[in-house]
Amino acid sequence: MDKELELMIGGPQGSGLDTTGQILTSSLAYIGYGVISDREYYSNITGKHSYIHMKVSPARVPYDLSYPVKLLTAIDAETLFHHYNDIDEKGFIALDERGLDTNLEKIVTIEGFTKQMIMDDLKNRVGSTILRDLVQYLEDDLKINTIILNYKEILDKLVDKYGVAASLASRYMSSIPMGVISGLMDIDAEAIEYGVRRRFHGRERIIEHNVFLITTIAEDIKSVYGSPLKLPKPTLDMKEIMVVSGNDIVAMGKVVGGLRFQSYYPITPAADESFFIEANQNLGDDKGGVVVFQTEDELAAIAAAIGGALTGVRTATATSGPGFSLMVEALGWAGNSEVPLVITYYQRGGPATGLPTRGGQSDLLFTMFASHGEFPRVVLASGDHEEAFEDSIIAFNLAEKYQLPVIHLLDKYLANSIATIRVPDIDQFTIDRGIIYNGNGDYVRFDTSKTISPRAFLGDDVIMWHTGNEHNEEGHNTEDPILRERMYRKRMEKLELIIKETPKKYMYRYYGPENPEVILLGWGFVKHVSISAIKHLEKEGYKAGYLHLKMFMPFPEEDIVNILNKVDRNNIIAVENNIMLQAAKATSLFTGIRIDRGIKKYTGRPIYLHELLEALRDLLNNRNKKEVVLTYGS
Amino acid sequence: MVVDIKALRTEVWVDWCPGCGNFGILNATQRAIAELNLEPNKTVVVSGIGCSGKTSHFINVNGVHTLHGRAIPFATGIKIANPELTVIVHGGDGDLLGIGAGHFIALGRRNLDITVVMHNNGVYGLTKGQASPTLFRGLKTKALPQPNIQDAVNPIALAIASGYTFVARTYSLNIKHYVETLKMAINHKGTAFIDVLQPCVVYNDIYTKDFFKERMYILEKNGWDPVVEPGTPTETIEEKIKKAIEKSLEWGDKIPIGVFYHNKAVPEFGERLNTQIPNYTELPPAKQKIARDDGKPIITNSDFRRLFSRYIVTRR
Ligand SMILES: Cc1ncc(C[n+]2csc(CCOP(=O)(O)OP(=O)(O)O)c2C)c(N)n1
Ligand code: SF4
Ligand SMILES: [Mg+2]
């Protein structure tokens with residue numbers, strides 16, 4: 001894994017970082033590299049600091065991010081103030097000459113507390129808060145190579161060559177980091193053009209300008225520095241590579257899985273999924289299309305999805321914490337009235353509006369228990385883009401087969417990170433619609449003679465009733481104690497069926513040696529950083545495994561007990577992006593195995609490999625220590 | 001198939017208080033469904049929560065008894081997913097204009113072809129008589145400990161302002177008027193709202209049968225013309241809107257019932273969806289196949305590559 005490259009691109013929101021990230025990722029995929037690209041940004045449209053953190057690998061699809069990085073390219077002066085600690089010794093930074101005299105003290109887009117922290121550190125170590133002095137310090141003390149360019153002069157080349165209006169030239173800013181990276185990594189002109197074309201398809205003039213700019217910068221960089229960050233030839237065995245964000249791949253999975261009606265109310269980091277579906281909603285003349293319906297609020301979003309589901313359509317909504325909070329009452333209605341429904345839930349940092357654009361895994365227990373009363377539901381969490389695709393399809397199958405709401409949990413890290421993955425083989429999936437009324441004999445919707453009553457749809461040849469109250473077989477309200485007990489149990493029995501009938505890989509996955517001494521327990525996006533960590537630990541002499549939990553409701557108790565029983569209780573370490581160690585709590589609840597050692601991070605930033613390893617070593621060497629709280633990342 | 005009104009009753013005992021205006025609504029609704037010959041399996045009554053919310057259990061067509069305030073969005077999902085269904089919402093005044101007011105307004109923006117029937121009794125019946133959003137300030141109905149200090153909303157004006165294209169008022173005990181109004185509303189291709197004055201004999205001792213009987217008159221009898229035909233100039237439409245809203249302010253010695261506003265010129269939501277999805281009408285969500293005969297997704301590998309080619313990079 002040492003022949004991999006991590007790099008960052010930083011700049012203000014709205015300066016085209018996304019564009020750089022997309023072009024770069026496409027170009028790298030075209031060459032055949034595996035890429036993960038995480039985007040971190042403020043809840044702000046223009047002006048505040050944002051950055052892309054990317055890992056490139058010739059041999060695998062990487063998912064685990066780590067620090068320090070080998071290269072930082074900065075669009076503005078502020079970037080380096082945030083990230084000077086993130087760069088490896090002898091690494092590279094690229095900066096705009098015009099920003100060198102910037103005094104951190106004067107930058108208004110950094111909030112007070114952050115600025116003070118950086119100032120204190122700079123005063124200590126550098127003795128100045130001026131960028132030029134910081135750069136000097138990095139060169140002298142850390143032997144970091146600084147590439148100082150004049151961004152205006154570079155953009156002026158466009159003005160000279162193509163007559164682009166000077167006022168419009170700044171729109172090409174995103175090409176500068178791309179040019180620098182292309183030079184240092186030796187990305188050739190053909191690959192650059194490929195990436196640019198994908199981003200701006202058909203807009204020939206813009207393509208030409210960008211390619212010109214990027215290749216010119218790349219050549220200049222190469223002539224001075226060579227290409228010290230060039231990676232070995234790719235060895236990934238993929239001919240076609242999908243370049244997708246988590247939002248994208250979930251949307252694709254849902255469409256393949258049969259989604260034909262999605263209602264939503266906009267919220268970060270879920271809304272991009274609905275936009276994606278709408279942009280691709282027409283499936284073909286003979287196939288129809290997916291209705292994407294923007295509602296007045298999340299109360300309506302879930303209610304409309306339930307209504308649609310009653311007509312036999314695979315429906316879903318996509319939301320995040322605040323939206324799901326509003327959906328909770330209707331969730332119970334769906335559980336009570338046995339409605340198949342998928343809620344795609346992208347966790348962000350809570351509580352309340354919390355950290356709107358940052359990640360978190362703090363809603364697991366909420367989704368497991370949300371809404372009053374007891375009713376069956378599935379809570380299913382995905383750990384990477386490929387899982388997310390599969391789970392998006394499986395979620396619908398579970399929903400329809402067991403006639404209940406399925407909450408598909410993702411997090412912002414996955415939603416907003418772009419990964420290069422294998423093109424899925426659709427033929428590996430089956431659409432399982434569960435038991436459907438065959439049209440013979442009298443029909444009652446809630447036939448209690450079996451756990452799963454055949455489903456008919458509104459508009460079929462039969463009539464049915466649905467209600468949020470307890471009901472009889474027809475679906476009319478009842479308060480009869482015997483009927484109540486029967487209906488109540490019938491609904492809850494579905495949970496046992498799910499555990500019995502669902503392939504284990506959708507419930508949990510275990511990575512590592514068969515007889516581990518240490519088990520890391522995690523879920524969601526901590527998956528790959530944990531898998532990388534156990535590999536490192538192995539080299540350090542620990543036999544460590546990673547237990548990746550996927551299904552929390554119902555919970556595969558027996559299997560999990562069997563796995564966890566392999567190690568001493570003190571050697572189970574939870575790794576989670578929350579403070580309560582929620583997955584560990586859920587595990588304890590269902591298995592009786594108390595897990596109280598863990599590594600936690602709730603800053604809104606993902607868990608990085610370097611800090612996870614450090615924390616693990618700490619816990620493994622100090623057996624009385626219960627927890628380590630991680631805080632790395634700006 | 002001719003629908004027999006008796007067949008539109010269910011076996012569920014109608015548990016409203018004796019004398020409640022809801023009985024009139026129920027009977028008249030069944031009659032309208034019968035007269036329109038609506039097929040029970042292609043008809044859905046979607047109700048909210050309250051005394052009014054129980055309506056869906058008493059009519060022998062599909063019934064969806066939803067959550068307090070949410071009947072409209074449930075109905076919206078049903079209608080968009082399967083536009084061949086006739087969807088009728090029954091809600092209380094608290095349900096539709098209190099807890100569900102946001103949905104009430106949003107529906108008007110869409111002109112989706114469903115009918116909303118509001119059981120307007122001025123109180124929250126099922127929770128024992130609190131003031132509803134249609135009860136005027138200063139009034140003290142029977143159960144209120146103190147006179148109401150919140151102002152009433154004007155349902156007719158609100159519906160018109162929200163964009164409803166068929167807005168009417170009727171009276172729960174004037175069966176003939178109710179039936180005619182509901183039939184017009186259901187036949188209207190767009191969102192229809194009917195404000196039904198409904199005596200609550202237990203909690204509302206102000207809006208009683210006698211109160212209404214003395215004051216009600218039928219709008220159309222005075223040469224009232226609420227209809228906007230396609231092609232009507234904007235100024236004329238605006239004129240009709242203004243008149244209808246002005247008329248809706250009339251509440252006192254005289255209370256008008258009838259159609260306040262009826263605009264046939266606004267595109268229905270399905271037409272709007274058609275602009276996004278050209279084959280929505282032939283293949284709405286409920287009519288689409290999602291799996292091949294062998295159970296594999298209808299989206300094949302080659303469909304997938306066609307639909308999402310932008311996201312697939314072929315290595316050089
Ligand atoms: C979320 C929620 N809050 C409160 C209630 C309690 N509740 C039941 S019926 C009702 C009021 C019903 O009034 P209205 O909608 O006017 O219907 P009516 O009974 O008058 O027909 C209330 C507040 C509820 N069911 N759900
Ligand atoms: S409380 Fe009022 S509205 Fe409810 S059933 Fe009794 S009379 Fe009718
Ligand atoms: Mg009421």
# chains A, B, ... in the order shown; residues from 1 in each chain; ligands from 1
>>> residues_around(residues="Asp391 in chain A", least_positions_apart="4", cutoff="7 Å", atoms="only C-alpha atoms", output="NGL selection string")
:A and (382 or 387 or 395)
>>> closest_atom_pairs(of="chain B", to="ligand 2", cutoff="7 Å", atoms="only C-alpha atoms and all ligand atoms", output="JSON lines")
{"residue": "B:Trp16", "atom": "CA", "partner": "ligand 2", "partner_atom_place_in_ligand_line": "5 (S)", "distance": 3.8}
{"residue": "B:Cys17", "atom": "CA", "partner": "ligand 2", "partner_atom_place_in_ligand_line": "6 (Fe)", "distance": 4.2}
{"residue": "B:Gly19", "atom": "CA", "partner": "ligand 2", "partner_atom_place_in_ligand_line": "7 (S)", "distance": 6.8}
{"residue": "B:Cys20", "atom": "CA", "partner": "ligand 2", "partner_atom_place_in_ligand_line": "7 (S)", "distance": 4.2}
{"residue": "B:Gly21", "atom": "CA", "partner": "ligand 2", "partner_atom_place_in_ligand_line": "8 (Fe)", "distance": 6.3}
{"residue": "B:Asn22", "atom": "CA", "partner": "ligand 2", "partner_atom_place_in_ligand_line": "8 (Fe)", "distance": 6.0}
{"residue": "B:Cys51", "atom": "CA", "partner": "ligand 2", "partner_atom_place_in_ligand_line": "4 (Fe)", "distance": 4.6}
{"residue": "B:Ser52", "atom": "CA", "partner": "ligand 2", "partner_atom_place_in_ligand_line": "3 (S)", "distance": 6.9}
{"residue": "B:Asn121", "atom": "CA", "partner": "ligand 2", "partner_atom_place_in_ligand_line": "3 (S)", "distance": 6.7}
{"residue": "B:Gly125", "atom": "CA", "partner": "ligand 2", "partner_atom_place_in_ligand_line": "1 (S)", "distance": 4.2}
{"residue": "B:Leu126", "atom": "CA", "partner": "ligand 2", "partner_atom_place_in_ligand_line": "4 (Fe)", "distance": 5.6}
{"residue": "B:Lys128", "atom": "CA", "partner": "ligand 2", "partner_atom_place_in_ligand_line": "1 (S)", "distance": 6.7}
{"residue": "B:Cys200", "atom": "CA", "partner": "ligand 2", "partner_atom_place_in_ligand_line": "2 (Fe)", "distance": 3.7}
{"residue": "B:Val201", "atom": "CA", "partner": "ligand 2", "partner_atom_place_in_ligand_line": "7 (S)", "distance": 4.4}
{"residue": "B:Val202", "atom": "CA", "partner": "ligand 2", "partner_atom_place_in_ligand_line": "7 (S)", "distance": 4.8}
{"residue": "B:Tyr203", "atom": "CA", "partner": "ligand 2", "partner_atom_place_in_ligand_line": "2 (Fe)", "distance": 5.8}
>>> write_last_selection(atoms="N, CA, C and O atoms", output="compact mmCIF listing (two decimals), in the first residue's frame")
# COMPACT_ATOMS: atom_id res chain seq x y z
N TRP B 16 -70.68 7.80 15.17
CA TRP B 16 -70.84 9.22 15.47
C TRP B 16 -72.00 9.43 16.43
O TRP B 16 -72.90 8.58 16.55
N CYS B 17 -72.02 10.56 17.10
CA CYS B 17 -73.10 10.87 18.04
C CYS B 17 -74.41 11.01 17.25
O CYS B 17 -74.41 11.55 16.14
N GLY B 19 -77.45 12.47 15.59
CA GLY B 19 -77.72 13.85 15.19
C GLY B 19 -76.53 14.57 14.60
O GLY B 19 -76.64 15.70 14.12
N CYS B 20 -75.37 13.95 14.60
CA CYS B 20 -74.16 14.59 14.08
C CYS B 20 -74.28 14.85 12.58
O CYS B 20 -74.79 14.02 11.83
N GLY B 21 -73.79 16.02 12.16
CA GLY B 21 -73.82 16.38 10.75
C GLY B 21 -73.03 15.42 9.86
O GLY B 21 -73.27 15.35 8.65
N ASN B 22 -72.12 14.67 10.45
CA ASN B 22 -71.31 13.74 9.65
C ASN B 22 -72.17 12.68 8.96
O ASN B 22 -71.79 12.18 7.90
N CYS B 51 -63.29 12.85 14.38
CA CYS B 51 -64.57 12.18 14.10
C CYS B 51 -64.69 12.01 12.59
O CYS B 51 -65.05 10.95 12.08
N SER B 52 -64.35 13.09 11.86
CA SER B 52 -64.41 13.08 10.41
C SER B 52 -63.52 12.00 9.80
O SER B 52 -63.84 11.42 8.77
N ASN B 121 -66.77 21.84 11.51
CA ASN B 121 -67.69 21.90 12.65
C ASN B 121 -67.24 22.91 13.71
O ASN B 121 -67.83 23.01 14.78
N GLY B 125 -63.70 17.76 17.36
CA GLY B 125 -64.71 16.87 17.92
C GLY B 125 -64.10 15.77 18.77
O GLY B 125 -64.39 15.64 19.96
N LEU B 126 -63.21 15.01 18.17
CA LEU B 126 -62.74 13.79 18.82
C LEU B 126 -61.93 14.03 20.09
O LEU B 126 -61.82 13.16 20.93
N LYS B 128 -62.76 16.32 22.19
CA LYS B 128 -63.75 16.85 23.13
C LYS B 128 -63.91 18.36 23.13
O LYS B 128 -63.99 18.99 24.19
N CYS B 200 -71.82 20.00 14.89
CA CYS B 200 -71.38 19.03 15.90
C CYS B 200 -72.34 19.21 17.06
O CYS B 200 -72.30 20.21 17.77
N VAL B 201 -73.20 18.24 17.22
CA VAL B 201 -74.29 18.44 18.19
C VAL B 201 -73.81 18.36 19.63
O VAL B 201 -74.50 18.78 20.55
N VAL B 202 -72.67 17.85 19.84
CA VAL B 202 -72.18 17.69 21.21
C VAL B 202 -71.37 18.90 21.67
O VAL B 202 -71.53 19.37 22.79
N TYR B 203 -70.49 19.40 20.80
CA TYR B 203 -69.58 20.45 21.27
C TYR B 203 -69.80 21.84 20.69
O TYR B 203 -69.28 22.81 21.22
>>> residues_near_ligand(ligand="ligand 1", cutoff="8 Å", atoms="only C-alpha atoms and all ligand atoms", output="VMD selection string")
(chain A and resid 329) or (chain B and resid 48 to 53 67 to 69 91 to 96 98 to 99 119 to 127 129 132 200)
>>> closest_residue(among="A:Lys115, A:Lys55, A:His49, A:Arg260", to="chain B", atoms="only C-alpha atoms")
A:Arg260
>>> closest_residue(among="B:Ala32, B:Leu173, B:Val61, B:Ala131", to="chain A", atoms="only C-alpha atoms")
B:Val61
>>> atom_distance(atom1="CA of Thr141 in chain B", atom2="CA of Asn204 in chain B")
5.4 Å
>>> atom_distance(atom1="CA of His90 in chain B", atom2="CA of Asn111 in chain B")
17.4 Å
>>> select_by_dssp(residues="range 39-267 of chain B", states="strand (DSSP E)", output="ChimeraX atom specification")
/B:43-47,62-65,86-92,115-120,123-124,130-131,166-171,192-197,216-218,227-228,255-263
>>> write_last_selection(atoms="N, CA and C atoms", output="compact mmCIF listing (two decimals), in the first residue's frame")
# COMPACT_ATOMS: atom_id res chain seq x y z
N THR B 43 -61.63 3.57 -6.45
CA THR B 43 -61.91 4.78 -5.68
C THR B 43 -61.25 4.64 -4.31
N VAL B 44 -60.67 5.72 -3.85
CA VAL B 44 -60.01 5.67 -2.54
C VAL B 44 -60.46 6.87 -1.71
N VAL B 45 -61.00 6.58 -0.53
CA VAL B 45 -61.28 7.65 0.41
C VAL B 45 -60.12 7.71 1.40
N VAL B 46 -59.49 8.85 1.45
CA VAL B 46 -58.33 9.03 2.33
C VAL B 46 -58.76 10.01 3.42
N SER B 47 -58.66 9.59 4.66
CA SER B 47 -59.15 10.46 5.72
C SER B 47 -58.06 10.78 6.72
N ASN B 62 -62.12 1.61 -1.35
CA ASN B 62 -60.85 1.57 -0.63
C ASN B 62 -60.77 2.71 0.38
N GLY B 63 -60.25 2.40 1.55
CA GLY B 63 -60.14 3.43 2.57
C GLY B 63 -58.76 3.49 3.18
N VAL B 64 -58.25 4.70 3.32
CA VAL B 64 -56.95 4.87 3.98
C VAL B 64 -57.13 5.92 5.08
N HIS B 65 -57.11 5.45 6.29
CA HIS B 65 -57.31 6.30 7.46
C HIS B 65 -55.92 6.67 7.96
N THR B 86 -59.78 7.41 -8.42
CA THR B 86 -60.48 8.61 -7.97
C THR B 86 -60.19 8.75 -6.48
N VAL B 87 -59.62 9.87 -6.11
CA VAL B 87 -59.17 10.02 -4.72
C VAL B 87 -59.93 11.16 -4.04
N ILE B 88 -60.56 10.80 -2.93
CA ILE B 88 -61.34 11.79 -2.18
C ILE B 88 -60.80 11.86 -0.76
N VAL B 89 -60.48 13.06 -0.34
CA VAL B 89 -59.97 13.26 1.02
C VAL B 89 -61.10 13.73 1.93
N HIS B 90 -61.21 13.11 3.09
CA HIS B 90 -62.13 13.61 4.12
C HIS B 90 -61.32 14.01 5.33
N GLY B 91 -61.43 15.28 5.73
CA GLY B 91 -60.68 15.71 6.91
C GLY B 91 -61.49 16.68 7.72
N GLY B 92 -61.10 16.83 8.97
CA GLY B 92 -61.74 17.82 9.83
C GLY B 92 -61.16 19.20 9.57
N THR B 115 -60.12 15.44 -4.68
CA THR B 115 -61.17 16.26 -4.06
C THR B 115 -60.99 16.25 -2.55
N VAL B 116 -61.01 17.43 -1.97
CA VAL B 116 -60.84 17.53 -0.52
C VAL B 116 -62.16 17.98 0.11
N VAL B 117 -62.69 17.15 0.97
CA VAL B 117 -63.95 17.47 1.65
C VAL B 117 -63.63 17.80 3.11
N MET B 118 -63.92 19.03 3.51
CA MET B 118 -63.61 19.41 4.89
C MET B 118 -64.86 19.42 5.76
N HIS B 119 -64.84 18.61 6.81
CA HIS B 119 -65.94 18.57 7.77
C HIS B 119 -65.73 19.76 8.72
N ASN B 120 -66.43 20.85 8.43
CA ASN B 120 -66.19 22.08 9.17
C ASN B 120 -67.20 22.20 10.31
N VAL B 123 -64.99 22.91 15.73
CA VAL B 123 -64.36 22.35 16.94
C VAL B 123 -63.50 21.14 16.60
N TYR B 124 -62.71 20.76 17.57
CA TYR B 124 -62.02 19.48 17.51
C TYR B 124 -62.95 18.47 18.17
N GLN B 130 -62.29 21.32 21.72
CA GLN B 130 -61.45 22.53 21.66
C GLN B 130 -61.79 23.33 20.40
N ALA B 131 -61.33 24.60 20.38
CA ALA B 131 -61.62 25.45 19.22
C ALA B 131 -60.85 24.96 18.00
N PHE B 166 -61.22 24.43 -7.92
CA PHE B 166 -62.65 24.27 -7.68
C PHE B 166 -62.86 24.47 -6.19
N VAL B 167 -63.59 25.53 -5.84
CA VAL B 167 -63.76 25.86 -4.43
C VAL B 167 -65.24 26.07 -4.14
N ALA B 168 -65.77 25.28 -3.23
CA ALA B 168 -67.21 25.35 -2.98
C ALA B 168 -67.50 25.20 -1.50
N ARG B 169 -68.73 25.59 -1.14
CA ARG B 169 -69.18 25.33 0.22
C ARG B 169 -70.54 24.64 0.12
N THR B 170 -70.76 23.70 1.00
CA THR B 170 -72.08 23.08 1.05
C THR B 170 -72.43 22.79 2.50
N TYR B 171 -73.58 22.20 2.68
CA TYR B 171 -74.08 21.98 4.04
C TYR B 171 -74.35 20.51 4.22
N ALA B 192 -60.00 20.05 -6.06
CA ALA B 192 -61.28 20.61 -5.64
C ALA B 192 -61.35 20.63 -4.13
N PHE B 193 -61.93 21.70 -3.61
CA PHE B 193 -62.10 21.81 -2.17
C PHE B 193 -63.55 22.11 -1.85
N ILE B 194 -64.10 21.34 -0.92
CA ILE B 194 -65.47 21.63 -0.47
C ILE B 194 -65.45 21.84 1.04
N ASP B 195 -65.88 23.02 1.41
CA ASP B 195 -66.03 23.38 2.82
C ASP B 195 -67.44 22.96 3.22
N VAL B 196 -67.53 21.91 4.02
CA VAL B 196 -68.86 21.41 4.38
C VAL B 196 -69.22 21.87 5.79
N LEU B 197 -70.25 22.69 5.89
CA LEU B 197 -70.69 23.13 7.21
C LEU B 197 -71.34 21.94 7.90
N MET B 216 -78.47 30.32 5.58
CA MET B 216 -77.89 29.83 4.33
C MET B 216 -78.69 30.22 3.09
N TYR B 217 -77.97 30.54 2.04
CA TYR B 217 -78.62 30.70 0.74
C TYR B 217 -77.70 30.17 -0.35
N ILE B 218 -78.29 29.80 -1.48
CA ILE B 218 -77.49 29.19 -2.54
C ILE B 218 -77.02 30.26 -3.52
N VAL B 227 -67.39 30.28 -13.06
CA VAL B 227 -66.63 29.40 -13.95
C VAL B 227 -65.63 30.17 -14.82
N VAL B 228 -64.42 29.65 -14.86
CA VAL B 228 -63.39 30.17 -15.78
C VAL B 228 -63.15 29.08 -16.82
N ILE B 255 -75.24 33.38 4.87
CA ILE B 255 -74.07 32.52 4.61
C ILE B 255 -74.27 31.82 3.26
N PRO B 256 -73.41 32.15 2.30
CA PRO B 256 -73.60 31.55 0.97
C PRO B 256 -73.06 30.11 0.91
N ILE B 257 -73.79 29.25 0.22
CA ILE B 257 -73.24 27.95 -0.15
C ILE B 257 -73.30 27.83 -1.67
N GLY B 258 -72.45 26.97 -2.22
CA GLY B 258 -72.38 26.83 -3.67
C GLY B 258 -70.94 26.90 -4.13
N VAL B 259 -70.78 27.00 -5.44
CA VAL B 259 -69.42 27.02 -5.99
C VAL B 259 -68.92 28.47 -6.03
N PHE B 260 -67.86 28.75 -5.33
CA PHE B 260 -67.31 30.11 -5.29
C PHE B 260 -66.42 30.36 -6.51
N TYR B 261 -65.71 29.34 -6.90
CA TYR B 261 -64.71 29.55 -7.95
C TYR B 261 -64.47 28.22 -8.65
N HIS B 262 -64.46 28.26 -9.99
CA HIS B 262 -64.26 27.03 -10.73
C HIS B 262 -63.46 27.34 -11.98
N ASN B 263 -62.17 27.03 -11.93
CA ASN B 263 -61.28 27.37 -13.04
C ASN B 263 -60.88 26.10 -13.79
>>> select_by_dssp(residues="range 37-144 of chain B", states="alpha helix (DSSP H)", output="MDAnalysis selection string")
chainID B and resid 55:58 71:81 93:94 101:108
>>> interface_residues(of="chain B", to="chain A", cutoff="7 Å", atoms="only C-alpha atoms", output="MDAnalysis selection string")
chainID B and resid 41:42 57 61:67 70 73:78 81:82 85 103 106 277 279:280 283 285:286 288 290:291 295:297 299:301 307 311:316
>>> closest_residue(among="B:Gln198, B:Asn222, B:Ser302, B:Ser56", to="ligand 3", atoms="only C-alpha atoms and all ligand atoms")
B:Gln198
>>> atom_distance(atom1="CA of Lys626 in chain A", atom2="CA of Asp384 in chain A")
27.9 Å
>>> residues_around(residues="Val180 in chain A", least_positions_apart="5", cutoff="9 Å", atoms="only C-alpha atoms", output="list in words")
Thr73, Ala94, Ile147, Ser175, Met185, Ile214, Ile217, Ala218, Asp220, Ile221 and Lys222 of chain A
>>> residues_around(residues="Pro58 in chain A", least_positions_apart="2", cutoff="8 Å", atoms="only C-alpha atoms", output="list in words")
Lys3, Glu4, Gly32, Tyr33, Gly34, Val56, Arg60, Leu231, Pro232, Lys233, Pro234, Thr235 and Leu236 of chain A
>>> residues_around(residues="range 366-378 of chain A", least_positions_apart="4", cutoff="8 Å", atoms="only C-alpha atoms", output="MDAnalysis selection string")
chainID A and resid 328:329 331:332 335:336 398:399 404:407 488 491:492 494:495 551:554
>>> write_last_selection(atoms="N, CA and C atoms", output="CSV table (one decimal), in the first residue's frame")
chain,number,residue,atom,x,y,z
A,328,VAL,N,-41.1,10.7,11.7
A,328,VAL,CA,-41.2,9.7,12.7
A,328,VAL,C,-42.6,9.2,12.9
A,329,GLU,N,-43.6,10.0,13.0
A,329,GLU,CA,-45.0,9.6,13.3
A,329,GLU,C,-45.5,8.7,12.1
A,331,LEU,N,-43.7,7.0,10.1
A,331,LEU,CA,-42.9,5.7,10.1
A,331,LEU,C,-43.7,4.7,10.9
A,332,GLY,N,-44.2,5.1,12.0
A,332,GLY,CA,-45.0,4.1,12.8
A,332,GLY,C,-46.3,3.7,12.1
A,335,GLY,N,-45.3,1.1,9.7
A,335,GLY,CA,-45.1,-0.2,10.4
A,335,GLY,C,-46.4,-0.9,10.8
A,336,ASN,N,-47.3,-0.1,11.3
A,336,ASN,CA,-48.6,-0.6,11.7
A,336,ASN,C,-49.4,-1.1,10.6
A,398,LEU,N,-36.4,-6.3,0.9
A,398,LEU,CA,-36.8,-6.5,2.3
A,398,LEU,C,-38.2,-5.8,2.6
A,399,ALA,N,-38.3,-4.6,2.1
A,399,ALA,CA,-39.5,-3.8,2.4
A,399,ALA,C,-40.7,-4.5,1.9
A,404,LEU,N,-42.8,-3.8,5.3
A,404,LEU,CA,-42.4,-2.9,6.4
A,404,LEU,C,-41.5,-1.8,6.0
A,405,PRO,N,-41.3,-0.8,6.8
A,405,PRO,CA,-40.4,0.3,6.4
A,405,PRO,C,-39.0,-0.1,6.6
A,406,VAL,N,-38.1,0.2,5.6
A,406,VAL,CA,-36.7,-0.1,5.7
A,406,VAL,C,-36.0,1.3,5.8
A,407,ILE,N,-35.2,1.4,6.8
A,407,ILE,CA,-34.3,2.6,6.9
A,407,ILE,C,-32.9,2.2,6.4
A,488,TYR,N,-50.6,-7.7,16.6
A,488,TYR,CA,-49.4,-7.2,17.1
A,488,TYR,C,-48.2,-8.2,17.0
A,491,ARG,N,-47.2,-8.9,13.3
A,491,ARG,CA,-46.3,-7.9,12.8
A,491,ARG,C,-44.9,-8.1,13.3
A,492,MET,N,-44.8,-8.3,14.6
A,492,MET,CA,-43.4,-8.5,15.1
A,492,MET,C,-42.7,-9.7,14.7
A,494,LYS,N,-42.3,-10.9,12.0
A,494,LYS,CA,-41.6,-10.7,10.7
A,494,LYS,C,-40.1,-10.5,11.0
A,495,LEU,N,-39.8,-10.0,12.1
A,495,LEU,CA,-38.4,-9.7,12.5
A,495,LEU,C,-37.6,-11.0,12.5
A,551,MET,N,-26.9,-4.9,9.6
A,551,MET,CA,-28.3,-4.8,9.9
A,551,MET,C,-28.5,-4.8,11.4
A,552,PHE,N,-29.2,-3.7,11.8
A,552,PHE,CA,-29.3,-3.5,13.3
A,552,PHE,C,-30.7,-3.8,13.8
A,553,MET,N,-31.7,-3.8,12.8
A,553,MET,CA,-33.1,-4.1,13.1
A,553,MET,C,-33.5,-5.0,12.0
A,554,PRO,N,-33.8,-6.2,12.2
A,554,PRO,CA,-33.6,-7.0,13.3
A,554,PRO,C,-32.1,-7.2,13.5
>>> residues_around(residues="Val159 in chain A", least_positions_apart="3", cutoff="12 Å", atoms="only C-alpha atoms", output="list in words")
Lys152, Glu153, Ile154, Leu155, Asp156, Tyr162, Gly163, Val164, Ala165, Ala166, Ser167, Leu168, Ala169, Ser170, Arg171, Tyr172, His209, Phe212 and Leu213 of chain A
>>> residues_around(residues="Ala34 in chain B", least_positions_apart="3", cutoff="12 Å", atoms="only C-alpha atoms", output="list in words")
Met1, Val2, Val3, Asp4, Ile5, Lys6, Ala7, Leu8, Arg9, Asn27, Ala28, Thr29, Gln30, Arg31, Asn37, Leu38, Glu39, Pro40, Thr43, Ile59, Asn60, Val61, Val179, Leu182 and Lys183 of chain B
